[in-house]
Amino acid sequence: MVQKHQDDGGGKKITLKINDNEYSMVIEPHWTLREVIHDKLGLTGTKEMCDKGACGSCTVIMDGRPILSCMTLAIECEGRKIETVENLEVVGNPLVEAYADNHAMQCGYCTPGFVMTAKALLDRNPDPAVEQIKDALEGNICRCGTYPAHIDAVLDAAKRLEGGKK
Amino acid sequence: MDKKKLGIMEIEPLVRDRYIQDEFNLIGKRGISRMCGKEKAGGRAEYTRDVQLPGMLYCRILPSPYAHAKIKSMNTEKAEALPGVRAVLRYDDPELADKPLYGLETKFNAGHLASDGQAFYHGKHELAVTLEQWKQGAGRVLDGVAWWEGHPVGAAVAADTPELATEALGLIEIEWEELPLVLDPLEALKPGAPLAAEEINNRNNIIRKLKVEHGDVEKGFKEADKVIKFDARRRPYTVADAEPMSDVIQWKGDNVEIWAHQQQAYDGKIIFGMKMGIPLNRIKLHVPYQGSQFGGGGNPMMHHTHGVHIISGILSKRTGRPVKTFYDRKDNFYNLSQDTDCHTSFKVGFKNDGTITSVKIDNICAKMGQYGIDHFEENTRIPNLALNYLEANINVAPAYWFRCEQNHNALCLSLVIDHVAAALGMDPVEVSLKNDGAEGRDMEYLSKFKVEHGFPDRDSLAEAIEMGKEAFDWDSKWHAPGTKMLPNGKLHGVGFTWDHEWDDTRGTACAGVLMHCDGTVDILSQKSDDGLNAMTTHCQIVAEEMGLKLADVNFRFFEEVGFQMMTPDGSCNLAVDAYCTRNAAREARQKLLEYATTPVKVLEIEYPAAFPEHHPDDLDVKDSIVYLKANPDKNVPVAEVVKRAVLNQGGTRAPLFTWNWHRQGRYGTEEGRHRLTRQAYFAEVEVDPETGGVDVKTIVNINDVGKAISPETCEGQQYGGDYMGVGRALAEEVIYDPKTGVKLNANLIDYKVFTMRDIDETVNLLLETGMGYGPYGLNGIGECIATIVPGVIGNAIYNAIGERVDDHPMTPDKVLAAIEKAKAKRGDVK
Amino acid sequence: MKPFKHYDVNTLDEAVSALQNFAGKAKIIAGGTDIVGMFKDEVFAERPEALINIKTIPNLDYIKEEDGMLKIGPLALLEDIAHDELIKGKYTALAEAARRTASPHIREMGTISGNICQQCRCWYFRSPNNRFNCIRKGGEDCYAEEGENRYHSIFGNVKDCLAVNPSDTAPALIALGAKVKTSKRVLEIADFYEKEEPKKTTVLDDDEIVVEIQVPQPAANSKSKFEKFAIRKSIDFPIVNCASQVEMDGDTVKSARVCLNAVFANPYVAQKAAEYVVGKTLDEETVTAAADLALQDAKPLTKNAYKITIAKSLIKKTLLACK
Ligand SMILES: Cc1cc2nc3c(=O)[nH]c(=O)nc-3n(C[C@@H](O)[C@@H](O)[C@H](O)COP(=O)(O)OP(=O)(O)OC[C@H]3O[C@@H](n4cnc5c(N)ncnc54)[C@H](O)[C@@H]3O)c2cc1C
Ligand code: SF4
Ligand code: FES
Ligand code: FES
């Protein structure tokens, strides 16, 4: 525990738990989680589109919630459980394949953000209705307008998850 | 204008595909997974923004805080002294003196002032400036003069981190001379208006004038039963593409490597090489995945592409380190193109049965050509047409193609048809069918043309309308304008519009097909992937033509391999490029069968042929197996056939390699070529009469794509275009402060790109008449939907309210004003 | 972003003393969805030197009914408020307002205290690097007055500033009669907003922290409703929003509270509308008259008269929904 009086308000060495890996590094207060994940750790699936909290491209899952890494200060993430899109194929989550099979992307730049938002939804609700999928994904911007295909992809992934259980 | 002087190439006849198979294994099939899909969804796809090289520096360019200003003096000492800053490039650096932002030496014309697609249209064309001024186009890389707020001028800084580069920009001290500015094209054309850019035109703000005349409009008005007049306006909207601009350049001795975020990246390389004096064979180009472009993001000669390359290049050379020049979201708004601000006046004459006799359009546009008359010329039988076009320069961000340069043409056609229908109390569908045609001629003529040129003789618009009417239930939903209120208190409206399909099929492309010794194939060509599924579709074509399994073909288009394909792929992915892959694949298949039937002898060893007794014509290939047509049981896997036809050092046969080059038409200017395919749109809206809010309930679009190679990919363009189009209709607008010209909504909070929630339902149907000019009778589908949809939404809003809102975007203030007007007309008490 | 200092605190007292140490030069960071954006764009009248992170204080995200009221911890997330069954059932307008705020992701990060304390979104004010040194930044001019004011105030200015308060939850809390408990005092939420000094949004002192939101239990025969008008159905800030709470006595209104937002520097209590409906039945005619009365004092700018029509509509819709 860092004692308050020792804290000079500047950068400090903290440990980030990302996808079952621990990264100990000195983090400056003004670094966003997205910068750390993408620029410093090279996990480039976490994309920057708007850089202002308005598009969802930089979504990661933190302690079960889909959050915007561009609006999160990395220094505040000590000890939190963070999952990025790169983890999905590692753990064999069916979303990635369901997205490819359902053509739920065009240029693909926004796609990891959608996929992580959908992952957070399925973690909470493995059998979502169409309206619930819309509720979850309505804050993600896709300039290519791929929206309808996301619904198919998430429903498909939910089905595959169910299949996996049996 | 002297075409020779400008180096315009001669117009060539358009190629079209007369050989269309009926049976396919892969082409047109559903359920084929997107080949780039897992990479993209799994976050492994690399975009230019993601490229990081050891020792890489980050570079930022200074955006002008003023919409029109000159740098009087600049002090960069403090920025240079900041630890971690490795180089500062100043606008007065001698190396920049000869770096204008045009590429006339290549196939391009001048900067943002003109669009390649527009400059050669029919009609009397007159530049209002000298050719020299016109060529000067967009000014110079890192200039000392700013023509719009955010113009990249003055200085660029390369530093160890992005933050340091940004901090250093803030330390640059500049003494500016602010100049008077003009922001409205109508104001700009008034005598005495401030000059938007005296470097381009020092007399006034006119850039171009154009007149088009067909027939005799005055005579047409006399023949009409009715004549109406109305005005319309479109405000600028912008690309707001997904991936903010960046490039990376690494100078290594005599060689240079570029990682580009560009649609026409190879053209960007040519311009870069020419400007920097580097032979093209010393530049290696990488084109990673591209986070959408839509035309406006990819123009190789604008500052955000060409300028960025020059700056990264110079700074890399000077520092000996790779340099990534990057834009933040705001810079992106400043420099990517926007669609233009247009004021248009219409005069239309027509008969009581809906036959239009005469259309006259007066159009004033800012910055870039958006004429308005073209689609009347191209797909109506209206005999008398006139356009008076004026293009004005103003102090706002550049305008250029943006999905696409037909935006204004499409809206003008849509408006005229709907206004005429309203004036006659007719169903707009009827009026559309009455006027469908080509270059002033009717459907009978077009029918003859199709037959003579070997096309199927189908009536694309009639078929599209029939499909759409049924899917939409048009006949029961359509009602007279302003007459239906729903139980939820909202005004119900339906709209229709139509146009031709963008079968421009233009440009050149080349590609190779190379088979490895295990029988798998690489398609060789470089291409910029903007999301049109080029990877899968070209593999489908090659696999289909060669008889291979889809899994045996791959297309990694990121690296330079000697061949280049056309991009923007929205217009050209398959319509042009697929001729190359298809033709090369056909030739490769032939070679494969020759290998299967001829033995090879090396010294004393003879390797027998797989089918020694047979001729290639006896053989066929399916699922990567070569077999005897007469006896399919006699078969040999492709991998076995080419085992020794290899690239490696133990090979005994030449590599199985073919290549093809294809040139296709030119921007619709070809003689004797008519647009044959059509698209039709139906939309249903609910308008809240109290708030002016518009809910888009359904859009049904029917696109005659000629032939769909990948139906899911076509549908992606359809619903994708619907969302962009509805956004343009209702919300997308670049908003400038009227005094300073500062862009007020240069962020994705205030610039409103539509979300999943903003359309209730889209129904996307494909019509496949085989009447496209591309291979297999296909034509492009990427650009047209977002271009047409604003029109159909406007028509549906009119149908709901009973008053027009012909000022796009149709924001609640304008919708409410129209509702008030309708109430006043009906005599409702306010 | 440019550097700033950042402190994690473990208790509210520590937070207060940290704020005091910086004597006005430090700010609280809760979810960060507003304040981080301001650092990114460098848009401050006075740039804070430090951020005091209160997310390290345990147990400040509660939602509970206690002492006859709903108590919400300052770090309660908007997403949790939106989906809380208790709030959805009894304090409906608040759940609806939270649900309609921003986007799902912002709601998963944004807190209730951050929502009611957030800075205005005037695009001149937010123009990066303080491009416009306007009144709210201590300058002389309001650029919106003759500029692009389509989203600005329709009820006049505060010391010539025409910006509007963009919060979605504030009007709901006002309609529900909530109080804001701070580290120093308990305030009626309607008095929480600064009425004199445009450089400030709330009346909070530099070292004062919101520690709880308290909402009285609604009377038995009451209902509340929130409506928002925005161009997009998600992500967008309100062009106008409105919340009403009505207590009925049989067929007639016993008491009512109506609050608009995004129409004035502070949430705008539509007192005249609320008074008008008392003793009347809630029909089309009554609510129309109430809405007209409420907007009687409107002073539209060059480009925003349409907001008056929308505000009227939202007053009508929320009142009718409370029937
Ligand atoms: C894209 C986007 C869209 C948005 N749309 C909407 C919308 O539609 N409606 C809406 O209402 N909002 C919207 N917002 C604003 C959004 O930031 C808030 O809704 C959110 O609730 C703020 O909470 P926060 O915890 O993130 O605040 P923070 O950013 O942490 O804080 C905001 C302000 O409150 C102060 N503060 C926070 N907590 C306390 C406390 N306990 N005591 C004293 N001061 C405190 C901070 O110092 C800061 O000045 C949007 C934001 C974005 C980025
Ligand atoms: S409205 Fe207020 S914040 Fe906006 S420019 Fe005017 S003074 Fe500044
Ligand atoms: S980049 Fe984070 S929300 Fe857009
Ligand atoms: S797929 Fe291109 S932005 Fe979404």
# chains A, B, ... in the order shown; residues from 1 in each chain; ligands from 1
$ residues_near_ligand --ligand "ligand 3" --cutoff "9 Å" --atoms "only C-alpha atoms and all ligand atoms" --output "PDB file with N, CA, C and O atoms, in the first residue's frame"
ATOM      1  N   ARG A  34      -5.993   2.996 -22.744  1.00  0.00           N
ATOM      2  CA  ARG A  34      -5.846   2.645 -24.155  1.00  0.00           C
ATOM      3  C   ARG A  34      -4.408   2.853 -24.642  1.00  0.00           C
ATOM      4  O   ARG A  34      -3.840   2.003 -25.328  1.00  0.00           O
ATOM      5  N   THR A  46      -7.075  -3.064 -29.367  1.00  0.00           N
ATOM      6  CA  THR A  46      -7.875  -2.029 -28.698  1.00  0.00           C
ATOM      7  C   THR A  46      -7.688  -0.725 -29.460  1.00  0.00           C
ATOM      8  O   THR A  46      -6.659  -0.079 -29.356  1.00  0.00           O
ATOM      9  N   LYS A  47      -8.685  -0.370 -30.255  1.00  0.00           N
ATOM     10  CA  LYS A  47      -8.504   0.695 -31.255  1.00  0.00           C
ATOM     11  C   LYS A  47      -8.920   2.079 -30.760  1.00  0.00           C
ATOM     12  O   LYS A  47      -9.849   2.208 -29.972  1.00  0.00           O
ATOM     13  N   GLU A  48      -8.288   3.073 -31.323  1.00  0.00           N
ATOM     14  CA  GLU A  48      -8.693   4.455 -31.081  1.00  0.00           C
ATOM     15  C   GLU A  48      -9.454   4.971 -32.300  1.00  0.00           C
ATOM     16  O   GLU A  48      -8.928   4.980 -33.405  1.00  0.00           O
ATOM     17  N   MET A  49     -10.715   5.338 -32.080  1.00  0.00           N
ATOM     18  CA  MET A  49     -11.441   5.991 -33.163  1.00  0.00           C
ATOM     19  C   MET A  49     -11.704   7.448 -32.792  1.00  0.00           C
ATOM     20  O   MET A  49     -11.215   8.357 -33.418  1.00  0.00           O
ATOM     21  N   CYS A  50     -12.480   7.673 -31.712  1.00  0.00           N
ATOM     22  CA  CYS A  50     -12.871   9.053 -31.394  1.00  0.00           C
ATOM     23  C   CYS A  50     -11.990   9.686 -30.335  1.00  0.00           C
ATOM     24  O   CYS A  50     -11.872  10.889 -30.272  1.00  0.00           O
ATOM     25  N   ASP A  51     -11.407   8.885 -29.485  1.00  0.00           N
ATOM     26  CA  ASP A  51     -10.570   9.358 -28.382  1.00  0.00           C
ATOM     27  C   ASP A  51     -11.343  10.228 -27.391  1.00  0.00           C
ATOM     28  O   ASP A  51     -10.756  10.979 -26.641  1.00  0.00           O
ATOM     29  N   LYS A  52     -12.677  10.155 -27.370  1.00  0.00           N
ATOM     30  CA  LYS A  52     -13.454  11.012 -26.475  1.00  0.00           C
ATOM     31  C   LYS A  52     -14.619  10.276 -25.828  1.00  0.00           C
ATOM     32  O   LYS A  52     -15.596  10.885 -25.423  1.00  0.00           O
ATOM     33  N   GLY A  53     -14.576   8.977 -25.821  1.00  0.00           N
ATOM     34  CA  GLY A  53     -15.670   8.268 -25.164  1.00  0.00           C
ATOM     35  C   GLY A  53     -16.935   8.160 -25.987  1.00  0.00           C
ATOM     36  O   GLY A  53     -17.988   7.815 -25.457  1.00  0.00           O
ATOM     37  N   ALA A  54     -16.852   8.410 -27.282  1.00  0.00           N
ATOM     38  CA  ALA A  54     -18.080   8.494 -28.065  1.00  0.00           C
ATOM     39  C   ALA A  54     -18.248   7.395 -29.104  1.00  0.00           C
ATOM     40  O   ALA A  54     -19.143   7.480 -29.944  1.00  0.00           O
ATOM     41  N   CYS A  55     -17.426   6.335 -29.074  1.00  0.00           N
ATOM     42  CA  CYS A  55     -17.552   5.366 -30.164  1.00  0.00           C
ATOM     43  C   CYS A  55     -17.442   3.902 -29.753  1.00  0.00           C
ATOM     44  O   CYS A  55     -17.866   3.025 -30.490  1.00  0.00           O
ATOM     45  N   GLY A  56     -16.836   3.600 -28.631  1.00  0.00           N
ATOM     46  CA  GLY A  56     -16.756   2.215 -28.177  1.00  0.00           C
ATOM     47  C   GLY A  56     -15.658   1.369 -28.808  1.00  0.00           C
ATOM     48  O   GLY A  56     -15.509   0.200 -28.472  1.00  0.00           O
ATOM     49  N   SER A  57     -14.859   1.943 -29.715  1.00  0.00           N
ATOM     50  CA  SER A  57     -13.812   1.150 -30.378  1.00  0.00           C
ATOM     51  C   SER A  57     -12.741   0.666 -29.419  1.00  0.00           C
ATOM     52  O   SER A  57     -12.056  -0.308 -29.692  1.00  0.00           O
ATOM     53  N   CYS A  58     -12.582   1.375 -28.319  1.00  0.00           N
ATOM     54  CA  CYS A  58     -11.491   1.079 -27.392  1.00  0.00           C
ATOM     55  C   CYS A  58     -11.989   0.243 -26.220  1.00  0.00           C
ATOM     56  O   CYS A  58     -11.317   0.172 -25.200  1.00  0.00           O
ATOM     57  N   THR A  59     -13.158  -0.390 -26.381  1.00  0.00           N
ATOM     58  CA  THR A  59     -13.761  -1.123 -25.264  1.00  0.00           C
ATOM     59  C   THR A  59     -12.881  -2.280 -24.793  1.00  0.00           C
ATOM     60  O   THR A  59     -12.414  -3.092 -25.595  1.00  0.00           O
ATOM     61  N   ILE A  67     -15.905  -1.210 -20.615  1.00  0.00           N
ATOM     62  CA  ILE A  67     -15.575   0.204 -20.373  1.00  0.00           C
ATOM     63  C   ILE A  67     -14.699   0.743 -21.490  1.00  0.00           C
ATOM     64  O   ILE A  67     -14.124  -0.005 -22.282  1.00  0.00           O
ATOM     65  N   LEU A  68     -14.605   2.053 -21.534  1.00  0.00           N
ATOM     66  CA  LEU A  68     -13.859   2.729 -22.590  1.00  0.00           C
ATOM     67  C   LEU A  68     -12.447   3.006 -22.099  1.00  0.00           C
ATOM     68  O   LEU A  68     -12.246   3.804 -21.183  1.00  0.00           O
ATOM     69  N   SER A  69     -11.486   2.348 -22.726  1.00  0.00           N
ATOM     70  CA  SER A  69     -10.121   2.509 -22.231  1.00  0.00           C
ATOM     71  C   SER A  69      -9.566   3.882 -22.558  1.00  0.00           C
ATOM     72  O   SER A  69      -8.616   4.324 -21.931  1.00  0.00           O
ATOM     73  N   CYS A  70     -10.171   4.588 -23.521  1.00  0.00           N
ATOM     74  CA  CYS A  70      -9.650   5.917 -23.855  1.00  0.00           C
ATOM     75  C   CYS A  70     -10.028   6.958 -22.808  1.00  0.00           C
ATOM     76  O   CYS A  70      -9.448   8.019 -22.765  1.00  0.00           O
ATOM     77  N   MET A  71     -11.033   6.664 -21.995  1.00  0.00           N
ATOM     78  CA  MET A  71     -11.463   7.625 -20.973  1.00  0.00           C
ATOM     79  C   MET A  71     -11.086   7.145 -19.574  1.00  0.00           C
ATOM     80  O   MET A  71     -11.549   7.679 -18.578  1.00  0.00           O
ATOM     81  N   GLY A 113     -14.017  -3.515 -30.719  1.00  0.00           N
ATOM     82  CA  GLY A 113     -14.807  -2.825 -29.696  1.00  0.00           C
ATOM     83  C   GLY A 113     -16.202  -3.418 -29.571  1.00  0.00           C
ATOM     84  O   GLY A 113     -16.732  -3.592 -28.467  1.00  0.00           O
ATOM     85  N   GLY A 139     -24.057   1.852 -28.134  1.00  0.00           N
ATOM     86  CA  GLY A 139     -23.060   2.915 -27.972  1.00  0.00           C
ATOM     87  C   GLY A 139     -21.808   2.702 -28.795  1.00  0.00           C
ATOM     88  O   GLY A 139     -20.850   3.454 -28.678  1.00  0.00           O
ATOM     89  N   ASN A 140     -21.804   1.688 -29.638  1.00  0.00           N
ATOM     90  CA  ASN A 140     -20.660   1.447 -30.514  1.00  0.00           C
ATOM     91  C   ASN A 140     -20.939   2.051 -31.881  1.00  0.00           C
ATOM     92  O   ASN A 140     -21.988   1.780 -32.478  1.00  0.00           O
ATOM     93  N   ILE A 141     -19.978   2.818 -32.364  1.00  0.00           N
ATOM     94  CA  ILE A 141     -20.127   3.417 -33.689  1.00  0.00           C
ATOM     95  C   ILE A 141     -19.400   2.561 -34.726  1.00  0.00           C
ATOM     96  O   ILE A 141     -18.251   2.177 -34.517  1.00  0.00           O
TER      97      ILE A 141
ATOM     98  N   LEU B 748     -16.414  13.246 -32.446  1.00  0.00           N
ATOM     99  CA  LEU B 748     -17.512  12.310 -32.723  1.00  0.00           C
ATOM    100  C   LEU B 748     -18.622  12.368 -31.675  1.00  0.00           C
ATOM    101  O   LEU B 748     -19.522  11.530 -31.678  1.00  0.00           O
TER     102      LEU B 748
ATOM    103  N   HIS C 105     -21.522   2.185 -22.430  1.00  0.00           N
ATOM    104  CA  HIS C 105     -20.167   2.197 -21.855  1.00  0.00           C
ATOM    105  C   HIS C 105     -19.986   3.364 -20.894  1.00  0.00           C
ATOM    106  O   HIS C 105     -19.404   3.214 -19.826  1.00  0.00           O
ATOM    107  N   ILE C 106     -20.459   4.519 -21.303  1.00  0.00           N
ATOM    108  CA  ILE C 106     -20.321   5.699 -20.420  1.00  0.00           C
ATOM    109  C   ILE C 106     -21.108   5.453 -19.142  1.00  0.00           C
ATOM    110  O   ILE C 106     -20.676   5.835 -18.054  1.00  0.00           O
TER     111      ILE C 106
END
$ residues_near_ligand --ligand "ligand 2" --cutoff "9 Å" --atoms "only C-alpha atoms and all ligand atoms" --output "ChimeraX atom specification"
/C:120-126,132-145,147,149,152-153,157-164,198-199,265
$ select_by_dssp --residues "stretch 286-319 of chain B" --states "helix (DSSP H, G or I)" --output "JSON, numbers by chain"
{"B": [303, 304, 305, 306, 307, 308, 309, 310, 311, 312, 313, 314, 315, 316, 317, 318, 319]}
$ closest_residue --among "A:Ile18, A:Val130, A:Thr72, A:Lys40" --to "ligand 1" --atoms "only C-alpha atoms and all ligand atoms"
A:Thr72
$ residues_near_ligand --ligand "ligand 4" --cutoff "8 Å" --atoms "only C-alpha atoms and all ligand atoms" --output "list in words"
Ala104, Met105, Gln106, Cys107, Gly108, Tyr109, Cys110, Thr111, Ile141, Cys142, Arg143, Cys144, Gly145 and Thr146 of chain A; Asp241, Ala242, Glu243, Gly291, Ser292, Asp530 and Gly531 of chain B
$ write_last_selection --atoms "N, CA, C and O atoms" --output "compact mmCIF listing (two decimals), in the first residue's frame"
# COMPACT_ATOMS: atom_id res chain seq x y z
N ALA A 104 -19.88 -9.78 -39.88
CA ALA A 104 -20.23 -8.66 -39.02
C ALA A 104 -19.08 -7.65 -38.93
O ALA A 104 -18.69 -7.21 -37.86
N MET A 105 -18.55 -7.33 -40.07
CA MET A 105 -17.54 -6.28 -40.15
C MET A 105 -17.36 -5.92 -41.61
O MET A 105 -17.68 -6.70 -42.50
N GLN A 106 -16.86 -4.71 -41.82
CA GLN A 106 -16.43 -4.35 -43.16
C GLN A 106 -14.95 -4.00 -43.06
O GLN A 106 -14.11 -4.87 -43.14
N CYS A 107 -14.64 -2.71 -42.80
CA CYS A 107 -13.21 -2.40 -42.65
C CYS A 107 -12.64 -3.07 -41.41
O CYS A 107 -11.45 -3.32 -41.34
N GLY A 108 -13.48 -3.33 -40.42
CA GLY A 108 -13.03 -4.07 -39.24
C GLY A 108 -12.40 -3.23 -38.14
O GLY A 108 -12.04 -3.77 -37.09
N TYR A 109 -12.30 -1.94 -38.36
CA TYR A 109 -11.59 -1.12 -37.37
C TYR A 109 -12.35 -1.02 -36.05
O TYR A 109 -11.76 -1.07 -34.99
N CYS A 110 -13.67 -0.92 -36.15
CA CYS A 110 -14.48 -0.80 -34.94
C CYS A 110 -14.77 -2.16 -34.31
O CYS A 110 -15.29 -2.24 -33.21
N THR A 111 -14.50 -3.23 -35.07
CA THR A 111 -15.03 -4.55 -34.71
C THR A 111 -14.56 -5.06 -33.34
O THR A 111 -15.39 -5.55 -32.56
N ILE A 141 -19.98 2.82 -32.36
CA ILE A 141 -20.13 3.42 -33.69
C ILE A 141 -19.40 2.56 -34.73
O ILE A 141 -18.25 2.18 -34.52
N CYS A 142 -20.10 2.27 -35.80
CA CYS A 142 -19.46 1.63 -36.94
C CYS A 142 -19.67 2.54 -38.14
O CYS A 142 -20.80 2.70 -38.59
N ARG A 143 -18.61 3.14 -38.64
CA ARG A 143 -18.76 4.06 -39.75
C ARG A 143 -19.19 3.31 -41.00
O ARG A 143 -19.85 3.86 -41.88
N CYS A 144 -18.83 2.04 -41.09
CA CYS A 144 -19.26 1.24 -42.24
C CYS A 144 -20.72 0.81 -42.10
O CYS A 144 -21.28 0.23 -43.02
N GLY A 145 -21.32 1.03 -40.94
CA GLY A 145 -22.74 0.75 -40.77
C GLY A 145 -23.09 -0.73 -40.73
O GLY A 145 -24.18 -1.14 -41.15
N THR A 146 -22.21 -1.53 -40.20
CA THR A 146 -22.42 -2.98 -40.19
C THR A 146 -23.47 -3.45 -39.18
O THR A 146 -23.60 -4.64 -38.94
N ASP B 241 -14.03 9.08 -40.93
CA ASP B 241 -13.69 7.67 -41.11
C ASP B 241 -13.18 7.07 -39.80
O ASP B 241 -12.85 7.78 -38.86
N ALA B 242 -13.14 5.75 -39.78
CA ALA B 242 -12.92 5.07 -38.51
C ALA B 242 -11.51 5.26 -37.96
O ALA B 242 -11.32 5.53 -36.79
N GLU B 243 -10.54 5.09 -38.83
CA GLU B 243 -9.14 5.13 -38.37
C GLU B 243 -8.55 6.50 -38.63
O GLU B 243 -8.46 6.91 -39.79
N GLY B 291 -8.82 1.49 -41.87
CA GLY B 291 -10.04 1.73 -41.11
C GLY B 291 -10.99 2.66 -41.84
O GLY B 291 -11.20 3.79 -41.43
N SER B 292 -11.55 2.16 -42.91
CA SER B 292 -12.52 2.86 -43.78
C SER B 292 -11.96 4.12 -44.41
O SER B 292 -11.09 4.77 -43.87
N ASP B 530 -10.61 -1.50 -47.77
CA ASP B 530 -11.46 -0.57 -47.05
C ASP B 530 -12.70 -1.26 -46.52
O ASP B 530 -13.66 -0.62 -46.14
N GLY B 531 -12.72 -2.55 -46.58
CA GLY B 531 -13.84 -3.25 -45.98
C GLY B 531 -14.79 -3.87 -46.96
O GLY B 531 -15.87 -4.31 -46.58
$ interface_residues --of "chain B" --to "chain C" --cutoff "9 Å" --atoms "only C-alpha atoms" --output "PyMOL selection string"
chain B and resi 65+163-164+166-167+330+690-694+730-731+735-739+742-746+749-750+752-758+811-814+816-817
$ interface_residues --of "chain B" --to "chain A" --cutoff "8 Å" --atoms "only C-alpha atoms" --output "ChimeraX atom specification"
/B:31-38,40-47,50,240-244,289-292,329,529-533,712-713,716,719-724,747-749,753-757
$ interface_residues --of "chain C" --to "chain A" --cutoff "9 Å" --atoms "only C-alpha atoms" --output "ChimeraX atom specification"
/C:1-10,14,31-34,36-37,39-40,50-51,53,55-56,102-109,233-236
$ write_last_selection --atoms "C-alpha atoms" --output "PDB file, in the first residue's frame"
ATOM      1  CA  MET C   1      -2.825  14.515 -22.485  1.00  0.00           C
ATOM      2  CA  LYS C   2      -0.487  16.906 -20.760  1.00  0.00           C
ATOM      3  CA  PRO C   3       0.747  15.837 -17.343  1.00  0.00           C
ATOM      4  CA  PHE C   4      -1.129  16.433 -14.097  1.00  0.00           C
ATOM      5  CA  LYS C   5      -0.821  15.034 -10.603  1.00  0.00           C
ATOM      6  CA  HIS C   6      -3.006  12.229  -9.411  1.00  0.00           C
ATOM      7  CA  TYR C   7      -3.777  11.021  -5.916  1.00  0.00           C
ATOM      8  CA  ASP C   8      -5.733   8.027  -4.714  1.00  0.00           C
ATOM      9  CA  VAL C   9      -7.497   8.649  -1.422  1.00  0.00           C
ATOM     10  CA  ASN C  10      -8.898   6.114   0.998  1.00  0.00           C
ATOM     11  CA  GLU C  14      -8.508  12.435   2.906  1.00  0.00           C
ATOM     12  CA  GLY C  31     -15.833   7.965 -13.453  1.00  0.00           C
ATOM     13  CA  GLY C  32     -13.690  10.404 -15.389  1.00  0.00           C
ATOM     14  CA  THR C  33     -15.891  10.449 -18.463  1.00  0.00           C
ATOM     15  CA  ASP C  34     -16.225  14.216 -18.316  1.00  0.00           C
ATOM     16  CA  VAL C  36     -10.717  13.251 -18.732  1.00  0.00           C
ATOM     17  CA  GLY C  37     -12.284  14.697 -21.876  1.00  0.00           C
ATOM     18  CA  PHE C  39      -7.928  17.339 -19.973  1.00  0.00           C
ATOM     19  CA  LYS C  40      -7.683  15.865 -23.440  1.00  0.00           C
ATOM     20  CA  ALA C  50      -4.223  17.521  -9.697  1.00  0.00           C
ATOM     21  CA  LEU C  51      -6.981  14.963  -9.766  1.00  0.00           C
ATOM     22  CA  ASN C  53      -9.406   9.839  -7.259  1.00  0.00           C
ATOM     23  CA  LYS C  55     -12.842   5.461  -6.531  1.00  0.00           C
ATOM     24  CA  THR C  56     -10.315   4.087  -4.037  1.00  0.00           C
ATOM     25  CA  ALA C 102     -24.963   8.806 -23.045  1.00  0.00           C
ATOM     26  CA  SER C 103     -24.097   5.248 -24.102  1.00  0.00           C
ATOM     27  CA  PRO C 104     -23.935   1.897 -22.278  1.00  0.00           C
ATOM     28  CA  HIS C 105     -20.167   2.197 -21.855  1.00  0.00           C
ATOM     29  CA  ILE C 106     -20.321   5.699 -20.420  1.00  0.00           C
ATOM     30  CA  ARG C 107     -23.031   4.506 -18.067  1.00  0.00           C
ATOM     31  CA  GLU C 108     -20.808   1.643 -16.935  1.00  0.00           C
ATOM     32  CA  MET C 109     -18.168   4.219 -15.996  1.00  0.00           C
ATOM     33  CA  LYS C 233     -31.096   7.437 -29.923  1.00  0.00           C
ATOM     34  CA  SER C 234     -27.873   6.723 -28.088  1.00  0.00           C
ATOM     35  CA  ILE C 235     -24.651   8.578 -27.172  1.00  0.00           C
ATOM     36  CA  ASP C 236     -26.166  12.043 -27.687  1.00  0.00           C
TER      37      ASP C 236
END
$ closest_residue --among "C:Ala82, C:Val277, C:Ala97, C:Ala30" --to "ligand 1" --atoms "only C-alpha atoms and all ligand atoms"
C:Ala30
$ residues_around --residues "stretch 583-588 of chain B" --least-positions-apart "5" --cutoff "7 Å" --atoms "only C-alpha atoms" --output "number ranges by chain"
B: 512-513, 542, 545-546, 657-660
